[in-house]
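Right, one structure below, let's go through it.
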Amino acid sequence: MVATRQRPARIATDFSAARERYRVSVEEYRRFNAQGFLIVRGLLAPDEVAELREHGEDLVFGRVDVPGLEPPAPGTPIEEIERRYLRIHMLHRHLEVEERYLLHPRVLDVLEALIGPDVMAMQTMYFVKAPGGAGQGYHQDSYYIPTYPDSLCGVWLAVDPADEENGCLWLTPGSQHEPIYPTADRVGQNHANLHDLTVVENVSDMDTEANTLSRIAAAYPGKEVPAVARPGDAVFFGGHILHRSHPNRSAHRSRRALVCHYASARSFTMWGSAGRREPGNHLHILARGGTHLPFGRPRFETPCAANRPPGEEADGGEPMPLAMMAGGADMEDMVAAPQDPERNDPTMMRAHDHDAVHAGGG
Ligand SMILES: O=C(O)CCC(=O)C(=O)O
């Protein structure tokens, strides 16, 4: 089943070739590599933030038909409505508004400089995180989304002001140089050839005793920093950096954010193939540049490298589009995480997600 009712796209974003590009400075590039993350202030314009905020309200209040997201029962108190979901995954496959922000040209400008020139757009997660909403304990994103070579980069787009009280992101500079620590079931997933790699337990668990990645984090005393953000700010963070967030302890302030994940389009991935250990690049959108690997196209035709006219490929090669993103998908890949520390886990992609994407043709 496909989402049926969508707010008409309010194109606040300039996708034209004539737009002014965001140009990353050498200092920003250095900072990203030296500290493992980079905050770009005001990357999104105020009307874009307003559109994302309105989109969040549409989701929470059931104004958009998304199978799996139930509208609240009439008479449900607002506080209860806002607390039903912590975050919702992969809506870019079902709603144009999320596709447009996943492929936002200014976000891609920065990624092109940091991990490019070839960029693959892989994941969206819309965080609602209302007062009382859960945090997520120490983790490394490349543990959840492996790419070969590992080039993963997250982008955390602030919709509301985010600070220590309402559960902003916390990052540990220096830890971007750590390898990815496996749990017992994932030994060899990221590093098959580091003979003394510690095996960890309960990654993402808020309990620092249970989550043994906290012992790796303990090697960086006093280094962890809060990514305090204003609406429109973007936090770029690599796939190895240790990071976490705390619960939203504020009385009335939601901490909404759109979090997207990208990698080099020339990295191979099986992520998205529902744990079947099959190639998955065709499930993800070629956002910038070119690639020798298969790639997906955006379902709503948002301008990006995947739908450049033939002959304009950056690398001069022929594209190998194998899938239209989720055309006719049945929403099984879209997961609304309830208010507990559900993890950013590829196993949340359901078994027939892969088939659904293929069914879209292309
Ligand atoms: O925003 C949060 O609360 C956690 C986000 C996060 O850790 C991630 O996307 O990897």
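In the structure tokens, the first chain shown is A, the next is B, and so on; residue numbers restart at 1 for each chain, and ligands run from 1 in the order shown.
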Check which residues of chain A sit at most 6 Å from ligand 1 using only C-alpha atoms and all ligand atoms, and return one row each with the closest pair of atoms and their distance in Å to one decimal, ordered by chain and rising number, as JSON lines.
```
{"residue": "A:Gly135", "atom": "CA", "partner": "ligand 1", "partner_atom_place_in_ligand_line": "3 (O)", "distance": 5.3}
{"residue": "A:Gln136", "atom": "CA", "partner": "ligand 1", "partner_atom_place_in_ligand_line": "4 (C)", "distance": 5.7}
{"residue": "A:Asp141", "atom": "CA", "partner": "ligand 1", "partner_atom_place_in_ligand_line": "10 (O)", "distance": 5.6}
{"residue": "A:Leu169", "atom": "CA", "partner": "ligand 1", "partner_atom_place_in_ligand_line": "1 (O)", "distance": 5.5}
{"residue": "A:Arg244", "atom": "CA", "partner": "ligand 1", "partner_atom_place_in_ligand_line": "7 (O)", "distance": 5.2}
{"residue": "A:Ser245", "atom": "CA", "partner": "ligand 1", "partner_atom_place_in_ligand_line": "3 (O)", "distance": 4.7}
{"residue": "A:Val259", "atom": "CA", "partner": "ligand 1", "partner_atom_place_in_ligand_line": "9 (O)", "distance": 5.7}
```
May I have a table of the residues of segment 107-131 of chain A lying at most 6 Å from segment 286-292 of chain A, giving each one's closest pair of atoms and their distance in Å to one decimal, counting only C-alpha atoms, ordered by chain and ascending residue number, as JSON lines?
```
{"residue": "A:Pro117", "atom": "CA", "partner": "A:Gly289", "partner_atom": "CA", "distance": 5.7}
{"residue": "A:Asp118", "atom": "CA", "partner": "A:Gly289", "partner_atom": "CA", "distance": 4.2}
{"residue": "A:Val119", "atom": "CA", "partner": "A:Arg288", "partner_atom": "CA", "distance": 4.9}
{"residue": "A:Met120", "atom": "CA", "partner": "A:Leu286", "partner_atom": "CA", "distance": 4.7}
{"residue": "A:Ala121", "atom": "CA", "partner": "A:Ala287", "partner_atom": "CA", "distance": 6.0}
```
> Closest to Leu95 of chain A among A:Arg30, A:His55, A:Arg255, A:Arg277, using only C-alpha atoms?
Replying inline: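 Going through A:Arg30, A:His55, A:Arg255, A:Arg277 one by one, the smallest distance to Leu95 of chain A is for A:His55.
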> In Å to one decimal, how far is atom CA of Arg297 of chain A from atom CA of His284 of chain A?
Replying inline: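 It comes out at 7.6 Å.
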Give me, as JSON lines, the closest atom pair and its distance (Å, one decimal) for every residue of segment 168-271 of chain A within a cut-off of 6 Å of segment 35-49 of chain A, counting only C-alpha atoms, rows sorted by chain and rising number.
```
{"residue": "A:Pro173", "atom": "CA", "partner": "A:Gln35", "partner_atom": "CA", "distance": 4.5}
{"residue": "A:Gly174", "atom": "CA", "partner": "A:Gln35", "partner_atom": "CA", "distance": 5.8}
{"residue": "A:Gln176", "atom": "CA", "partner": "A:Gly36", "partner_atom": "CA", "distance": 5.2}
{"residue": "A:Gly232", "atom": "CA", "partner": "A:Leu44", "partner_atom": "CA", "distance": 4.4}
{"residue": "A:Asp233", "atom": "CA", "partner": "A:Arg41", "partner_atom": "CA", "distance": 4.4}
{"residue": "A:Ala234", "atom": "CA", "partner": "A:Val40", "partner_atom": "CA", "distance": 5.2}
{"residue": "A:Val235", "atom": "CA", "partner": "A:Ile39", "partner_atom": "CA", "distance": 4.4}
{"residue": "A:Phe236", "atom": "CA", "partner": "A:Leu38", "partner_atom": "CA", "distance": 5.1}
{"residue": "A:Phe237", "atom": "CA", "partner": "A:Phe37", "partner_atom": "CA", "distance": 4.2}
```
Output N, CA and C atoms for every residue in that selection, as a PDB file, in the first residue's frame.
```
ATOM      1  N   PRO A 173      34.780  13.627  20.217  1.00  0.00           N
ATOM      2  CA  PRO A 173      35.857  13.894  19.260  1.00  0.00           C
ATOM      3  C   PRO A 173      37.060  13.016  19.539  1.00  0.00           C
ATOM      4  N   GLY A 174      37.696  12.560  18.513  1.00  0.00           N
ATOM      5  CA  GLY A 174      38.846  11.657  18.639  1.00  0.00           C
ATOM      6  C   GLY A 174      38.433  10.209  18.389  1.00  0.00           C
ATOM      7  N   GLN A 176      36.502   9.112  16.297  1.00  0.00           N
ATOM      8  CA  GLN A 176      36.316   8.780  14.871  1.00  0.00           C
ATOM      9  C   GLN A 176      37.460   7.935  14.334  1.00  0.00           C
ATOM     10  N   GLY A 232      17.586  24.470  11.574  1.00  0.00           N
ATOM     11  CA  GLY A 232      18.285  24.717  10.307  1.00  0.00           C
ATOM     12  C   GLY A 232      19.756  24.348  10.351  1.00  0.00           C
ATOM     13  N   ASP A 233      20.309  24.142  11.556  1.00  0.00           N
ATOM     14  CA  ASP A 233      21.710  23.710  11.651  1.00  0.00           C
ATOM     15  C   ASP A 233      21.808  22.233  11.239  1.00  0.00           C
ATOM     16  N   ALA A 234      22.968  21.883  10.689  1.00  0.00           N
ATOM     17  CA  ALA A 234      23.180  20.493  10.248  1.00  0.00           C
ATOM     18  C   ALA A 234      24.457  19.956  10.885  1.00  0.00           C
ATOM     19  N   VAL A 235      24.343  18.797  11.533  1.00  0.00           N
ATOM     20  CA  VAL A 235      25.506  18.148  12.139  1.00  0.00           C
ATOM     21  C   VAL A 235      25.910  16.987  11.225  1.00  0.00           C
ATOM     22  N   PHE A 236      27.094  17.073  10.661  1.00  0.00           N
ATOM     23  CA  PHE A 236      27.645  16.001   9.819  1.00  0.00           C
ATOM     24  C   PHE A 236      28.572  15.166  10.699  1.00  0.00           C
ATOM     25  N   PHE A 237      28.362  13.866  10.767  1.00  0.00           N
ATOM     26  CA  PHE A 237      29.224  13.026  11.622  1.00  0.00           C
ATOM     27  C   PHE A 237      29.520  11.703  10.930  1.00  0.00           C
TER      28      PHE A 237
END
```
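The gap separating atom CA of Phe268 of chain A from atom CA of Tyr29 of chain A is 24.2 Å, in Å to one decimal.
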>> Please extract the residues of segment 65-226 of chain A with a backbone DSSP assignment of helix (DSSP H, G or I) and present them as a PyMOL selection string.
In response: chain A and resi 78-82+91-93+96-102+105-114+141-144+175-177+184-186+213-217
Which polymer residues have any atom within 6 Å of an atom of Leu242 of chain A, counting only C-alpha atoms, with same-chain residues fewer than 6 positions away left out, as a JSON list (two decimals) with N, CA and C atoms, in the first residue's frame?
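Once everything was written out, this is part.json:
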```
[["chain", "number", "residue", "atom", "x", "y", "z"],
["A", 139, "HIS", "N", 26.89, 4.45, 20.46],
["A", 139, "HIS", "CA", 26.93, 3.56, 19.29],
["A", 139, "HIS", "C", 27.77, 4.20, 18.21],
["A", 140, "GLN", "N", 28.07, 3.41, 17.19],
["A", 140, "GLN", "CA", 28.78, 3.87, 15.99],
["A", 140, "GLN", "C", 27.89, 3.49, 14.81],
["A", 172, "THR", "N", 31.85, 12.28, 20.66],
["A", 172, "THR", "CA", 33.14, 12.16, 21.33],
["A", 172, "THR", "C", 34.27, 12.37, 20.32],
["A", 175, "SER", "N", 37.20, 9.87, 18.78],
["A", 175, "SER", "CA", 36.78, 8.47, 18.64],
["A", 175, "SER", "C", 36.48, 8.10, 17.18]]
```
> Can you tell me how far atom CA of Arg53 of chain A sits from atom CA of Tyr101 of chain A, in Å to one decimal?
Replying inline: 12.3 Å
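All residues within segment 108-189 of chain A that the backbone DSSP calculation assigns to strand (DSSP E or B) are Val119, Met120, Ala121, Met122, Gln123, Thr124, Met125, Tyr126, Phe127, Gln136, Gly137, Tyr138, His139, Tyr148, Cys153, Gly154, Val155, Trp156, Leu157, Ala158, Ala162, Leu169, Trp170, Leu171 and Thr183 of chain A.
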>> Quick one: residues within 6 Å of Pro161 of chain A, only C-alpha atoms, excluding same-chain residues fewer than 3 positions away - as a list in words?
In response: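 Residues meeting the cut-off are Ala229, Arg230 and Pro231 of chain A.
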Export of prior selection with N, CA and C atoms as a tab-separated table (two decimals), in the first residue's frame:
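As a result, selection.tsv now contains:
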```tsv
chain	number	residue	atom	x	y	z
A	229	ALA	N	22.16	22.77	18.86
A	229	ALA	CA	21.82	23.19	17.49
A	229	ALA	C	20.58	24.07	17.48
A	230	ARG	N	20.57	24.99	16.54
A	230	ARG	CA	19.38	25.80	16.29
A	230	ARG	C	18.67	25.25	15.06
A	231	PRO	N	17.39	25.56	14.91
A	231	PRO	CA	16.67	25.06	13.73
A	231	PRO	C	17.41	25.44	12.45
```
> Near Ala73 of chain A, within 10 Å and counting only C-alpha atoms, which residues show up once chain neighbours fewer than 3 positions away are dropped, as a list of chain:residue names?
Replying inline: A:Phe61, A:Gly62, A:Glu70, A:Thr76, A:Pro77, A:Ile81
>> Neighbouring residues of His191 of chain A were defined as those with any atom within 8 Å, considering only C-alpha atoms; residues of the same chain fewer than 3 positions away were excluded. Please report them as a list in words.
In response: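 Surrounding residues, per the criterion: Pro179, Ile180, Val187, Gly188 and Leu194 of chain A.
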Take the residues that were just selected and, keeping C-alpha atoms, output them as a PDB file, in the first residue's frame.
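Resulting contents of selection11.pdb:
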```pdb
ATOM      1  CA  PRO A 179      37.560   0.866  14.508  1.00  0.00           C
ATOM      2  CA  ILE A 180      33.967  -0.338  14.544  1.00  0.00           C
ATOM      3  CA  VAL A 187      32.476 -10.237  14.312  1.00  0.00           C
ATOM      4  CA  GLY A 188      34.123  -9.725  10.921  1.00  0.00           C
ATOM      5  CA  LEU A 194      42.144  -6.589  13.326  1.00  0.00           C
TER       6      LEU A 194
END
```
> Hey, which of A:Pro146, A:Pro247, A:Gly167, A:Pro131 ends up closest to Pro182 of chain A? Count only C-alpha atoms.
Replying inline: A:Pro146
> Which one of A:Pro74, A:Gly133, A:Gly154, A:Pro67 sits closest to Val110 of chain A if you count only C-alpha atoms?
Replying inline: A:Gly154
> Restricting the calculation to only C-alpha atoms, which member of A:Cys153, A:Met270, A:Ile285, A:Ala210 is positioned closest to His92 of chain A?
Replying inline: A:Ile285
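Residue nearest Phe300 of chain A, chosen from A:Ile115, A:Leu103, A:Val155, A:Ala219 and counting only C-alpha atoms: A:Leu103.
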> Between A:Ser214, A:Ser16, A:Asn248, A:Thr183, which has the minimum distance to Glu164 of chain A (counting only C-alpha atoms)?
Replying inline: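 Once distances to Glu164 of chain A are computed over only C-alpha atoms, the minimum belongs to A:Asn248.
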